[in-house]
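Structure data (compact mmCIF, C-alpha atoms and all ligand atoms) from input.txt:
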```
# COMPACT_ATOMS: atom_id res chain seq x y z
CA MET A 291 76.43 84.91 139.05
CA GLN A 292 76.67 85.09 135.26
CA ASP A 293 79.21 87.56 133.86
CA LYS A 294 77.86 90.46 131.83
CA PHE A 295 77.10 89.33 128.26
CA CYS A 296 79.69 90.86 125.95
CA PRO A 297 79.08 90.25 122.23
CA ASP A 298 82.30 92.10 121.36
CA THR A 299 84.35 89.24 122.78
CA LEU A 300 82.22 86.63 121.02
CA VAL A 301 81.87 88.06 117.54
CA ASN A 302 83.91 86.35 114.82
CA ALA A 303 87.26 88.09 114.31
CA HIS A 304 86.74 88.59 110.56
CA ILE A 305 83.37 90.27 111.20
CA LYS A 306 84.95 92.54 113.81
CA ALA A 307 87.50 93.67 111.21
CA LEU A 308 84.82 94.34 108.60
CA GLU A 309 84.44 97.93 107.42
CA ILE A 310 80.85 99.10 107.02
CA TYR A 311 79.93 99.93 103.41
CA GLU A 312 79.12 103.61 103.08
CA THR A 313 76.14 104.06 100.74
CA GLY A 314 75.30 107.19 98.76
CA LYS A 315 73.63 109.65 101.14
CA PRO A 316 69.83 109.31 100.86
CA ILE A 317 67.74 112.33 99.84
CA GLU A 318 65.49 112.09 102.92
CA GLU A 319 68.45 112.05 105.32
CA THR A 320 70.03 115.04 103.57
CA ALA A 321 66.74 116.96 103.76
CA ARG A 322 66.45 116.22 107.49
CA GLU A 323 70.03 117.13 108.32
CA MET A 324 70.25 120.25 106.16
CA GLY A 325 66.70 121.44 106.80
CA ILE A 326 66.01 121.68 103.07
CA ASP A 327 63.05 120.63 100.93
CA PRO A 328 63.65 117.05 99.65
CA GLU A 329 62.13 118.09 96.32
CA SER A 330 64.98 120.55 95.78
CA ILE A 331 67.70 117.93 96.35
CA ILE A 332 69.42 116.07 93.52
CA LYS A 333 71.20 112.81 94.20
CA LEU A 334 74.13 112.08 91.90
CA ALA A 335 75.78 109.65 94.29
CA SER A 336 74.67 106.09 93.54
CA ASN A 337 74.67 105.77 89.73
CA GLU A 338 70.90 105.47 89.53
CA ASN A 339 68.82 106.14 86.40
CA PRO A 340 67.87 109.84 86.32
CA LEU A 341 64.78 109.04 84.19
CA GLY A 342 63.36 106.72 86.84
CA PRO A 343 61.84 103.32 86.16
CA SER A 344 60.16 102.25 82.92
CA PRO A 345 56.43 103.19 83.01
CA LYS A 346 55.72 99.60 81.98
CA ALA A 347 57.59 98.35 85.04
CA VAL A 348 55.55 100.68 87.26
CA GLU A 349 52.31 99.25 85.84
CA ALA A 350 53.49 95.67 86.36
CA MET A 351 54.55 96.43 89.94
CA LYS A 352 51.16 97.99 90.72
CA ALA A 353 49.44 94.83 89.53
CA ALA A 354 51.80 92.64 91.58
CA VAL A 355 51.16 94.58 94.79
CA GLY A 356 47.58 93.24 94.84
CA ARG A 357 48.99 89.71 95.09
CA ALA A 358 51.41 90.54 97.90
CA HIS A 359 49.72 88.08 100.29
CA LEU A 360 51.27 85.22 98.28
CA TYR A 361 54.90 84.16 98.46
CA PRO A 362 56.84 84.93 95.30
CA ASP A 363 57.87 82.27 92.80
CA GLY A 364 61.02 81.16 94.61
CA GLY A 365 62.45 79.86 91.36
CA GLY A 366 61.84 83.21 89.60
CA TYR A 367 60.79 81.27 86.50
CA TYR A 368 59.42 84.03 84.26
CA LEU A 369 62.16 86.53 85.03
CA ARG A 370 64.90 83.95 84.60
CA LYS A 371 63.29 82.80 81.35
CA GLY A 372 63.05 86.42 80.15
CA ILE A 373 66.74 87.00 80.88
CA ALA A 374 67.78 83.67 79.38
CA ASP A 375 65.82 84.32 76.15
CA LYS A 376 67.26 87.81 75.82
CA CYS A 377 70.82 86.61 76.33
CA GLY A 378 70.69 83.36 74.34
CA LEU A 379 71.08 81.17 77.43
CA ALA A 380 68.98 78.52 79.20
CA ILE A 381 67.05 79.15 82.41
CA GLU A 382 69.53 76.83 84.21
CA ASN A 383 72.24 79.42 83.53
CA ILE A 384 70.50 82.21 85.46
CA VAL A 385 70.58 82.95 89.19
CA LEU A 386 68.58 85.91 90.52
CA GLY A 387 69.81 87.99 93.43
CA ASN A 388 68.54 90.65 95.77
CA GLY A 389 70.65 93.06 93.75
CA SER A 390 73.79 91.82 92.03
CA ASN A 391 75.44 92.40 95.40
CA GLU A 392 73.68 89.25 96.52
CA ILE A 393 75.20 87.30 93.63
CA ILE A 394 78.63 88.35 94.94
CA GLU A 395 77.57 87.13 98.38
CA LEU A 396 76.26 83.82 97.00
CA LEU A 397 79.61 83.27 95.26
CA GLY A 398 81.20 83.82 98.66
CA HIS A 399 78.86 81.33 100.36
CA ALA A 400 79.55 78.72 97.73
CA PHE A 401 83.26 79.13 97.09
CA LEU A 402 85.01 81.16 99.84
CA HIS A 403 86.29 80.12 103.25
CA PRO A 404 88.97 81.29 105.68
CA GLY A 405 92.30 81.07 103.88
CA ALA A 406 90.80 81.39 100.39
CA GLU A 407 91.80 84.34 98.21
CA VAL A 408 89.91 86.69 95.93
CA VAL A 409 91.90 88.65 93.33
CA VAL A 410 90.66 92.18 92.58
CA ALA A 411 92.01 95.38 91.02
CA GLU A 412 93.25 98.03 93.44
CA HIS A 413 90.41 100.45 92.68
CA ALA A 414 87.70 97.87 92.00
CA PHE A 415 84.16 98.06 93.35
CA VAL A 416 84.71 97.93 97.11
CA VAL A 417 81.99 95.36 97.82
CA TYR A 418 84.26 92.57 96.51
CA LYS A 419 86.65 93.21 99.36
CA LEU A 420 83.89 93.43 101.94
CA MET A 421 82.34 90.16 100.74
CA ALA A 422 85.72 88.40 100.86
CA GLN A 423 86.15 89.59 104.46
CA LEU A 424 82.65 88.41 105.30
CA PHE A 425 83.73 84.84 104.57
CA GLY A 426 87.13 85.16 106.23
CA ALA A 427 88.85 85.08 102.84
CA SER A 428 91.58 87.52 101.90
CA CYS A 429 91.52 89.97 99.09
CA VAL A 430 94.59 90.32 96.90
CA GLU A 431 94.61 93.82 95.41
CA VAL A 432 96.47 94.17 92.12
CA PRO A 433 97.72 97.62 91.01
CA ASP A 434 95.65 99.13 88.18
CA PRO A 435 97.84 101.62 86.31
CA GLY A 436 95.76 104.41 84.75
CA PHE A 437 92.81 103.04 86.76
CA ARG A 438 92.48 100.12 84.30
CA HIS A 439 92.39 96.50 85.44
CA ASP A 440 95.73 94.88 84.57
CA LEU A 441 94.48 91.42 83.62
CA PRO A 442 97.91 89.82 83.01
CA ALA A 443 98.98 91.01 86.50
CA MET A 444 95.74 89.69 87.97
CA LEU A 445 96.47 86.30 86.38
CA ARG A 446 99.95 86.38 87.94
CA ALA A 447 98.40 87.09 91.36
CA ILE A 448 96.50 83.78 91.32
CA THR A 449 97.78 81.21 93.82
CA PRO A 450 96.54 77.71 94.72
CA ARG A 451 94.31 79.42 97.34
CA THR A 452 92.55 81.69 94.81
CA ARG A 453 88.91 80.89 94.17
CA LEU A 454 87.49 84.05 92.54
CA VAL A 455 88.93 86.75 90.29
CA MET A 456 86.64 89.78 90.07
CA VAL A 457 86.66 91.97 86.96
CA ALA A 458 84.30 94.95 86.93
CA ASN A 459 83.78 95.97 83.32
CA PRO A 460 83.25 98.92 83.32
CA ASN A 461 84.62 99.32 86.81
CA ASN A 462 83.00 101.43 89.50
CA PRO A 463 84.24 104.03 90.51
CA THR A 464 86.72 104.49 87.64
CA GLY A 465 84.42 103.90 84.65
CA THR A 466 87.26 102.15 82.78
CA LEU A 467 86.97 99.11 80.51
CA VAL A 468 89.13 96.16 79.57
CA SER A 469 89.00 95.12 75.93
CA ALA A 470 87.58 91.94 74.40
CA GLU A 471 91.11 90.86 73.44
CA GLU A 472 92.44 91.33 76.97
CA ILE A 473 89.50 89.39 78.38
CA ASP A 474 89.98 86.57 75.90
CA ALA A 475 93.65 86.09 76.78
CA PHE A 476 92.72 86.24 80.48
CA VAL A 477 89.95 83.62 80.28
CA ARG A 478 92.02 81.27 78.14
CA ASN A 479 94.80 81.32 80.73
CA LEU A 480 92.73 80.83 83.89
CA PRO A 481 93.77 77.82 85.96
CA PRO A 482 90.99 75.26 86.56
CA HIS A 483 90.53 75.99 90.30
CA VAL A 484 89.47 79.62 89.72
CA ILE A 485 86.18 81.25 88.69
CA ALA A 486 86.35 84.54 86.74
CA VAL A 487 83.53 86.93 87.60
CA PHE A 488 82.75 89.70 85.13
CA ASP A 489 80.64 92.35 86.81
CA GLU A 490 78.69 94.10 84.05
CA ALA A 491 76.49 96.35 86.20
CA TYR A 492 77.02 99.15 83.65
CA TYR A 493 76.99 96.97 80.51
CA GLU A 494 74.13 98.90 78.89
CA PHE A 495 76.13 102.15 78.85
CA VAL A 496 79.07 100.71 76.90
CA ALA A 497 79.12 101.56 73.20
CA GLN A 498 80.70 98.28 72.07
CA PRO A 499 80.74 95.85 74.99
CA ALA A 500 82.88 92.70 75.00
CA ASP A 501 80.90 89.46 74.74
CA CYS A 502 81.63 87.65 78.00
CA LEU A 503 78.54 85.46 77.66
CA GLN A 504 80.38 83.45 75.00
CA TYR A 505 82.44 81.89 77.81
CA VAL A 506 79.32 80.94 79.76
CA LYS A 507 77.93 79.31 76.60
CA GLU A 508 81.21 77.38 76.22
CA GLY A 509 80.84 76.13 79.81
CA LYS A 510 83.97 77.93 81.06
CA ALA A 511 84.34 78.80 84.75
CA VAL A 512 82.93 82.28 84.15
CA VAL A 513 80.13 84.20 85.86
CA VAL A 514 78.69 87.35 84.29
CA MET A 515 76.71 89.61 86.63
CA ARG A 516 74.24 92.30 85.59
CA THR A 517 71.65 94.36 87.45
CA PHE A 518 68.30 96.11 87.16
CA SER A 519 69.60 98.92 89.41
CA LYS A 520 71.36 101.06 86.81
CA SER A 521 70.13 101.47 83.24
CA GLN A 522 66.85 99.71 84.13
CA GLY A 523 66.13 102.30 86.85
CA LEU A 524 65.01 99.83 89.50
CA ALA A 525 67.67 100.21 92.22
CA GLY A 526 65.03 100.37 94.95
CA LEU A 527 63.64 96.95 94.00
CA ARG A 528 66.94 95.12 94.50
CA VAL A 529 67.17 92.76 91.54
CA GLY A 530 70.37 91.57 89.93
CA TYR A 531 71.42 88.35 88.26
CA GLY A 532 74.32 86.13 87.47
CA MET A 533 74.75 84.15 84.25
CA MET A 534 76.95 81.09 84.50
CA PRO A 535 77.29 77.43 83.56
CA ALA A 536 74.56 75.33 85.23
CA SER A 537 77.31 73.45 87.10
CA ILE A 538 78.12 76.68 89.00
CA ALA A 539 74.52 77.94 89.22
CA ARG A 540 73.39 74.89 91.20
CA TRP A 541 75.73 75.81 94.07
CA LEU A 542 74.52 79.40 94.15
CA HIS A 543 70.93 78.13 94.27
CA SER A 544 71.93 75.90 97.19
CA SER A 545 73.36 78.95 98.96
CA ARG A 546 70.44 81.34 98.55
CA GLN A 547 67.32 81.92 100.62
CA PRO A 548 64.21 80.32 99.08
CA PHE A 549 62.49 83.66 98.32
CA ASN A 550 65.47 85.95 97.82
CA VAL A 551 63.79 88.13 95.16
CA ASN A 552 60.34 89.43 96.05
CA ALA A 553 57.26 89.19 93.84
CA VAL A 554 56.92 92.92 93.08
CA ALA A 555 60.58 93.05 92.10
CA GLN A 556 60.24 90.05 89.78
CA ALA A 557 57.21 91.61 88.05
CA GLY A 558 58.83 95.04 87.68
CA ALA A 559 62.12 93.64 86.42
CA LEU A 560 60.44 91.44 83.80
CA ALA A 561 58.37 94.32 82.41
CA SER A 562 61.44 96.56 82.41
CA LEU A 563 63.49 93.99 80.54
CA GLN A 564 60.91 94.10 77.76
CA ASP A 565 60.79 97.91 77.52
CA GLY A 566 63.49 98.57 74.92
CA GLU A 567 62.30 102.16 74.41
CA HIS A 568 63.05 103.17 77.99
CA GLN A 569 66.49 101.59 77.83
CA LYS A 570 67.27 103.42 74.58
CA LYS A 571 66.17 106.74 76.06
CA THR A 572 68.31 106.11 79.14
CA ALA A 573 71.41 105.27 77.11
CA LEU A 574 71.01 108.47 75.03
CA THR A 575 70.48 110.62 78.15
CA VAL A 576 73.59 109.17 79.76
CA ALA A 577 75.77 109.49 76.65
CA ASP A 578 74.70 113.13 76.22
CA GLY A 579 75.17 113.92 79.93
CA ARG A 580 78.58 112.28 80.00
CA ARG A 581 79.75 114.46 77.10
CA PHE A 582 78.36 117.57 78.82
CA LEU A 583 80.04 116.84 82.17
CA GLU A 584 83.36 115.78 80.70
CA SER A 585 83.63 118.93 78.62
CA ALA A 586 82.64 121.07 81.64
CA PHE A 587 85.37 119.40 83.74
CA GLN A 588 87.84 120.03 80.95
CA GLU A 589 86.90 123.71 80.86
CA MET A 590 87.27 123.90 84.64
CA GLY A 591 90.76 122.36 84.41
CA LEU A 592 89.75 119.34 86.48
CA GLU A 593 91.34 115.95 85.89
CA PHE A 594 88.80 113.19 85.30
CA VAL A 595 88.79 109.58 84.12
CA PRO A 596 86.97 109.25 80.77
CA SER A 597 84.00 107.04 81.59
CA ASN A 598 82.19 104.16 79.91
CA ALA A 599 79.41 104.17 82.49
CA ASN A 600 76.82 106.57 83.96
CA PHE A 601 79.23 108.25 86.37
CA ILE A 602 82.54 110.11 86.25
CA LEU A 603 85.47 110.10 88.66
CA VAL A 604 86.81 113.63 88.96
CA LYS A 605 89.71 115.08 90.94
CA VAL A 606 88.70 118.07 93.03
CA GLY A 607 91.33 118.66 95.73
CA SER A 608 89.47 117.31 98.74
CA GLY A 609 86.59 115.02 97.81
CA ARG A 610 85.18 115.09 101.34
CA GLU A 611 85.22 118.92 101.45
CA LEU A 612 83.47 119.23 98.10
CA PHE A 613 80.94 116.57 99.14
CA LYS A 614 80.08 118.63 102.23
CA LYS A 615 79.87 121.93 100.35
CA LEU A 616 77.63 120.47 97.66
CA LEU A 617 75.50 118.72 100.28
CA ALA A 618 74.74 122.05 101.89
CA LYS A 619 73.44 123.15 98.47
CA GLY A 620 71.28 120.06 98.09
CA VAL A 621 73.52 118.25 95.59
CA ILE A 622 74.64 114.80 96.74
CA VAL A 623 77.82 113.34 95.20
CA ARG A 624 80.11 110.59 96.48
CA ALA A 625 83.43 111.20 98.24
CA MET A 626 85.96 108.50 97.40
CA ASP A 627 87.87 107.96 100.66
CA ALA A 628 86.69 104.34 100.80
CA TYR A 629 88.61 103.79 97.55
CA LYS A 630 91.76 105.47 98.93
CA LEU A 631 91.09 108.37 96.55
CA PRO A 632 90.59 111.30 98.96
CA ALA A 633 91.19 113.92 96.26
CA TRP A 634 88.36 112.63 94.06
CA VAL A 635 84.57 112.54 93.92
CA ARG A 636 82.38 110.32 91.78
CA VAL A 637 79.38 112.02 90.20
CA THR A 638 76.47 110.23 88.56
CA VAL A 639 75.37 111.49 85.16
CA GLY A 640 71.94 113.04 85.63
CA THR A 641 69.40 114.79 83.41
CA ARG A 642 70.55 117.95 81.60
CA PRO A 643 69.11 120.29 84.30
CA GLN A 644 70.70 118.19 87.06
CA ASN A 645 74.08 118.18 85.29
CA GLU A 646 73.90 121.96 84.78
CA ARG A 647 73.10 122.49 88.44
CA LEU A 648 75.98 120.25 89.52
CA ILE A 649 78.45 122.17 87.38
CA ALA A 650 77.09 125.56 88.54
CA GLU A 651 77.46 124.52 92.20
CA MET A 652 80.93 123.08 91.60
CA ARG A 653 82.02 126.32 89.92
CA ALA A 654 80.57 128.29 92.85
CA THR A 655 82.66 126.29 95.36
CA ASN A 656 85.76 127.00 93.30
CA CYS A 657 86.82 123.38 93.73
CA LYS A 658 89.79 123.62 91.36
CA LEU A 659 93.05 122.27 92.78
C1 LIG B 1 80.24 97.45 89.74
C2 LIG B 1 79.02 97.22 90.55
N1 LIG B 1 78.62 95.97 90.77
C3 LIG B 1 77.54 95.68 91.49
C4 LIG B 1 76.79 96.69 92.06
C5 LIG B 1 75.62 96.30 92.89
O1 LIG B 1 74.43 96.67 92.34
P1 LIG B 1 73.05 96.07 92.81
O2 LIG B 1 73.29 95.28 94.06
O3 LIG B 1 72.19 97.25 93.04
O4 LIG B 1 72.59 95.20 91.69
C6 LIG B 1 77.15 98.02 91.88
C7 LIG B 1 76.39 99.09 92.50
O5 LIG B 1 76.73 100.22 92.55
C8 LIG B 1 78.30 98.28 91.11
O6 LIG B 1 78.72 99.54 90.90
```
Would you write the structure of this file as structure tokens?
Ligand SMILES: Cc1ncc(COP(=O)(O)O)c(C=O)c1O
Amino acid sequence: MQDKFCPDTLVNAHIKALEIYETGKPIEETAREMGIDPESIIKLASNENPLGPSPKAVEAMKAAVGRAHLYPDGGGYYLRKGIADKCGLAIENIVLGNGSNEIIELLGHAFLHPGAEVVVAEHAFVVYKLMAQLFGASCVEVPDPGFRHDLPAMLRAITPRTRLVMVANPNNPTGTLVSAEEIDAFVRNLPPHVIAVFDEAYYEFVAQPADCLQYVKEGKAVVVMRTFSKSQGLAGLRVGYGMMPASIARWLHSSRQPFNVNAVAQAGALASLQDGEHQKKTALTVADGRRFLESAFQEMGLEFVPSNANFILVKVGSGRELFKKLLAKGVIVRAMDAYKLPAWVRVTVGTRPQNERLIAEMRATNCKL
């Protein structure tokens, strides 16, 4: 007789050890659990665009829905061309992903294996670590004093086994930046067996961003990732992209599924890319909201990390407790236990009314240390 089938004994060890990524709590789930009207809930937990998508993107998506019986353009020609033209690159330099998270995964498929190493900052975007684990690679975490990536220390952490060095600029959840000068010294000193990945998910919120695309244009072993999920307001579509020398891009194309970005997403993203007005409005809303929240935190005597993105990391005593208290009031923020920061929450910058409500609810919970 066959023994009872037991997947737990068969699953790969590195998958067994994998922690599950905790997403921002969805509005619908919160409404169900708390018994409150979803319309009254505000979500400031996943760094989404509080203005929503560009109206031009919505129109383009509506038109694309009528052609949903056809497979998408697997090569994503028009969207890749749109990105390439905007960034001064060639279409061969662009790889589209089902969110920029998929670009991280494709880098793993192409370049990681058991025994390989990925160098990250201690408080870097947690998905880097999860993706490294997914491929049986190990993640080398480098201390980040003041929550800033220490690029010279990250260079020193490179070994012959290192394949990827991940630099989130600005980083999530800290909102901190590394300067153009620091990046330049870092790239110039990279050994030839390592790819530097600059994750610019929040690029559009930075007042004077460093130009990392110059290294791609020079053919250096550099990948720059951006996304339509943040300032473009299309997180639900799942579109991100990587920009890199064609010699790297070909291996990511080999690693991806043939239709990894769907047709509606391609149409929406392309229209959004061309809507400069919406992007300008978003940047102004975020800059204004960031000032409002940071000065409110200052008044409340709360420590926070000055941010270059559309979110702020703020120290509140117990992040998990505050998360629960705010949830009961219909305000969703993000506790930071997964980043080993149990005293902190990360709040997304919302519209002025959303920011005012967040601050009013935080004051009401008396969350001061
Ligand atoms: C730094 C950073 N990189 C990448 C991502 C992934 O974004 P997406 O997969 O939605 O493009 C996020 C999302 O929060 C992020 O904060």
Task: Polymer residues at most 9 Å from segment 362-369 of chain A, only C-alpha atoms, same-chain spacing of 4 or more positions, as a PyMOL selection string - done: chain A and resi 358+373-374+381+385-386+547-554+556-557+559-560+563
Output file for the residues above (C-alpha atoms, as an mmCIF file, keeping the file's coordinate frame):
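Output saved as again.cif:
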```cif
data_model
loop_
_atom_site.group_PDB
_atom_site.id
_atom_site.type_symbol
_atom_site.label_atom_id
_atom_site.label_comp_id
_atom_site.auth_asym_id
_atom_site.auth_seq_id
_atom_site.Cartn_x
_atom_site.Cartn_y
_atom_site.Cartn_z
ATOM 1 C CA ALA A 358 51.410 90.540 97.900
ATOM 2 C CA ILE A 373 66.740 87.000 80.880
ATOM 3 C CA ALA A 374 67.780 83.670 79.380
ATOM 4 C CA ILE A 381 67.050 79.150 82.410
ATOM 5 C CA VAL A 385 70.580 82.950 89.190
ATOM 6 C CA LEU A 386 68.580 85.910 90.520
ATOM 7 C CA GLN A 547 67.320 81.920 100.620
ATOM 8 C CA PRO A 548 64.210 80.320 99.080
ATOM 9 C CA PHE A 549 62.490 83.660 98.320
ATOM 10 C CA ASN A 550 65.470 85.950 97.820
ATOM 11 C CA VAL A 551 63.790 88.130 95.160
ATOM 12 C CA ASN A 552 60.340 89.430 96.050
ATOM 13 C CA ALA A 553 57.260 89.190 93.840
ATOM 14 C CA VAL A 554 56.920 92.920 93.080
ATOM 15 C CA GLN A 556 60.240 90.050 89.780
ATOM 16 C CA ALA A 557 57.210 91.610 88.050
ATOM 17 C CA ALA A 559 62.120 93.640 86.420
ATOM 18 C CA LEU A 560 60.440 91.440 83.800
ATOM 19 C CA LEU A 563 63.490 93.990 80.540
#
```
Task: Separation of atom CA of Thr517 of chain A from atom CA of Phe495 of chain A, in Å and rounded to one decimal - done: 12.4 Å
TODO: One decimal, Å: what's the distance from atom CA of Asn656 of chain A over to atom CA of Asn461 of chain A, could you say?
DONE: 28.5 Å
Task: Close residues, Ala628 of chain A itself excluded, 12 Å, only C-alpha atoms, min 5 positions apart in chain, as a ChimeraX atom specification - done: /A:309-314,412-417,419-420,463,609-610,633-636
- [ ] List all protein, DNA and RNA residues that have at least one atom no more than 6 Å from any atom of ligand LIG 1 (chain B), counting all atoms listed in the file, and write them as a VMD selection string.
- [x] chain A and resid 389 to 391 415 458 461 to 462 489 491 517 519 525 528 to 530
Take the residues that were just selected and, keeping C-alpha atoms, output them as an mmCIF file, keeping the file's coordinate frame.
```cif
data_model
loop_
_atom_site.group_PDB
_atom_site.id
_atom_site.type_symbol
_atom_site.label_atom_id
_atom_site.label_comp_id
_atom_site.auth_asym_id
_atom_site.auth_seq_id
_atom_site.Cartn_x
_atom_site.Cartn_y
_atom_site.Cartn_z
ATOM 1 C CA GLY A 389 70.650 93.060 93.750
ATOM 2 C CA SER A 390 73.790 91.820 92.030
ATOM 3 C CA ASN A 391 75.440 92.400 95.400
ATOM 4 C CA PHE A 415 84.160 98.060 93.350
ATOM 5 C CA ALA A 458 84.300 94.950 86.930
ATOM 6 C CA ASN A 461 84.620 99.320 86.810
ATOM 7 C CA ASN A 462 83.000 101.430 89.500
ATOM 8 C CA ASP A 489 80.640 92.350 86.810
ATOM 9 C CA ALA A 491 76.490 96.350 86.200
ATOM 10 C CA THR A 517 71.650 94.360 87.450
ATOM 11 C CA SER A 519 69.600 98.920 89.410
ATOM 12 C CA ALA A 525 67.670 100.210 92.220
ATOM 13 C CA ARG A 528 66.940 95.120 94.500
ATOM 14 C CA VAL A 529 67.170 92.760 91.540
ATOM 15 C CA GLY A 530 70.370 91.570 89.930
#
```
Identify the residues within 10 Å of coordinate (81.8, 119.1, 97.8) (same frame as the file), considering only C-alpha atoms, and give the answer as a tab-separated table (two decimals) with C-alpha atoms, in the coordinates of the input.
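As written to disk, selection-v3.tsv reads:
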```tsv
chain	number	residue	atom	x	y	z
A	606	VAL	CA	88.70	118.07	93.03
A	607	GLY	CA	91.33	118.66	95.73
A	608	SER	CA	89.47	117.31	98.74
A	609	GLY	CA	86.59	115.02	97.81
A	610	ARG	CA	85.18	115.09	101.34
A	611	GLU	CA	85.22	118.92	101.45
A	612	LEU	CA	83.47	119.23	98.10
A	613	PHE	CA	80.94	116.57	99.14
A	614	LYS	CA	80.08	118.63	102.23
A	615	LYS	CA	79.87	121.93	100.35
A	616	LEU	CA	77.63	120.47	97.66
A	617	LEU	CA	75.50	118.72	100.28
A	618	ALA	CA	74.74	122.05	101.89
A	619	LYS	CA	73.44	123.15	98.47
A	621	VAL	CA	73.52	118.25	95.59
A	622	ILE	CA	74.64	114.80	96.74
A	623	VAL	CA	77.82	113.34	95.20
A	624	ARG	CA	80.11	110.59	96.48
A	625	ALA	CA	83.43	111.20	98.24
A	634	TRP	CA	88.36	112.63	94.06
A	635	VAL	CA	84.57	112.54	93.92
A	651	GLU	CA	77.46	124.52	92.20
A	652	MET	CA	80.93	123.08	91.60
A	655	THR	CA	82.66	126.29	95.36
A	656	ASN	CA	85.76	127.00	93.30
A	657	CYS	CA	86.82	123.38	93.73
```
Task: Selected residue of minimal separation from Leu396 of chain A among A:Arg370, A:Arg540, A:Lys294, A:Lys520, counting all atoms listed in the file - done: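 Between A:Arg370, A:Arg540, A:Lys294, A:Lys520, the residue approaching Leu396 of chain A most closely is A:Arg540.
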Open item on the list: Taking only C-alpha atoms into account, name the residue in A:Thr572, A:Ala354, A:Val484, A:Lys376 that is nearest to Leu402 of chain A.
Closed with: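 Between A:Thr572, A:Ala354, A:Val484, A:Lys376, the residue approaching Leu402 of chain A most closely is A:Val484.
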Exercise: Glu318 of chain A partners within 12 Å, all atoms listed in the file, chain neighbours under 6 positions left out, as a tab-separated table (two decimals) with C-alpha atoms, in the frame of the given file:
```tsv
chain	number	residue	atom	x	y	z
A	324	MET	CA	70.25	120.25	106.16
A	325	GLY	CA	66.70	121.44	106.80
A	326	ILE	CA	66.01	121.68	103.07
A	327	ASP	CA	63.05	120.63	100.93
A	328	PRO	CA	63.65	117.05	99.65
A	329	GLU	CA	62.13	118.09	96.32
A	330	SER	CA	64.98	120.55	95.78
A	331	ILE	CA	67.70	117.93	96.35
A	332	ILE	CA	69.42	116.07	93.52
A	333	LYS	CA	71.20	112.81	94.20
A	620	GLY	CA	71.28	120.06	98.09
A	622	ILE	CA	74.64	114.80	96.74
```
- [ ] Go through A:Val639, A:Val576, A:Ala427, A:Leu524 one by one, measure the shortest atom-to-atom distance of each to Leu603 of chain A using only C-alpha atoms, and give the residue with the smallest value.
- [x] A:Val639
Task: Pairwise distance for atom CA of Ala443 of chain A and atom CA of Asn459 of chain A, rounded to one decimal in Å - done: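 Between atom CA of Ala443 of chain A and atom CA of Asn459 of chain A the gap is 16.3 Å.
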Open item on the list: Calculated over all atoms listed in the file, which of the candidates A:Val496, A:Ala406, A:Arg322, A:Ser469 has the smallest distance to His483 of chain A?
Closed with: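 Looking at the shortest contact to His483 of chain A, the residue is A:Ala406.
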- [ ] Would you mind telling me which residue in A:Asn383, A:Asn479, A:Ser428, A:Thr575 lies nearest to Leu503 of chain A when using only C-alpha atoms?
- [x]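 Using only C-alpha atoms, Leu503 of chain A sits closest to A:Asn383.
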- [ ] Using only C-alpha atoms, find the one residue out of A:Pro481, A:Pro297, A:Pro345, A:Gly372 that sits nearest to Glu567 of chain A.
- [x]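 Using only C-alpha atoms, Glu567 of chain A sits closest to A:Pro345.
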Find the axis-aligned box for segment 516-524 of chain A, covering all its listed atoms and adding 3 Å on each side, and write its centre and edge lengths in Å to one decimal as JSON.
```
{"center_x": 69.6, "center_y": 97.3, "center_z": 86.4, "size_x": 15.2, "size_y": 16.0, "size_z": 12.3}
```
- [ ] Would you kindly return, as a list of chain:residue names, each protein, DNA or RNA residue with an atom no farther than 7 Å from any atom of Ser562 of chain A, considering only C-alpha atoms and excluding same-chain residues fewer than 4 positions away?
- [x]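 Skipping anything fewer than 4 positions along the chain leaves A:Ser344, A:Lys346, A:Ala347, A:Gln522, A:Gly558.
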Residues of the last selection are to be written out with C-alpha atoms, as a PDB file, in the frame of the given file.
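Printed below is out.pdb as written:
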```pdb
ATOM      1  CA  SER A 344      60.160 102.250  82.920  1.00  0.00           C
ATOM      2  CA  LYS A 346      55.720  99.600  81.980  1.00  0.00           C
ATOM      3  CA  ALA A 347      57.590  98.350  85.040  1.00  0.00           C
ATOM      4  CA  GLN A 522      66.850  99.710  84.130  1.00  0.00           C
ATOM      5  CA  GLY A 558      58.830  95.040  87.680  1.00  0.00           C
TER       6      GLY A 558
END
```
Mind listing whatever residues come within 9 Å of the point (76.3, 77.4, 92.8)? Use only C-alpha atoms, file coordinates, and give them as a PDB file with C-alpha atoms, in the coordinates of the input.
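Final output, result-v3.pdb:
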```
ATOM      1  CA  VAL A 385      70.580  82.950  89.190  1.00  0.00           C
ATOM      2  CA  LEU A 396      76.260  83.820  97.000  1.00  0.00           C
ATOM      3  CA  LEU A 397      79.610  83.270  95.260  1.00  0.00           C
ATOM      4  CA  HIS A 399      78.860  81.330 100.360  1.00  0.00           C
ATOM      5  CA  ALA A 400      79.550  78.720  97.730  1.00  0.00           C
ATOM      6  CA  PHE A 401      83.260  79.130  97.090  1.00  0.00           C
ATOM      7  CA  ALA A 536      74.560  75.330  85.230  1.00  0.00           C
ATOM      8  CA  SER A 537      77.310  73.450  87.100  1.00  0.00           C
ATOM      9  CA  ILE A 538      78.120  76.680  89.000  1.00  0.00           C
ATOM     10  CA  ALA A 539      74.520  77.940  89.220  1.00  0.00           C
ATOM     11  CA  ARG A 540      73.390  74.890  91.200  1.00  0.00           C
ATOM     12  CA  TRP A 541      75.730  75.810  94.070  1.00  0.00           C
ATOM     13  CA  LEU A 542      74.520  79.400  94.150  1.00  0.00           C
ATOM     14  CA  HIS A 543      70.930  78.130  94.270  1.00  0.00           C
ATOM     15  CA  SER A 544      71.930  75.900  97.190  1.00  0.00           C
ATOM     16  CA  SER A 545      73.360  78.950  98.960  1.00  0.00           C
TER      17      SER A 545
END
```
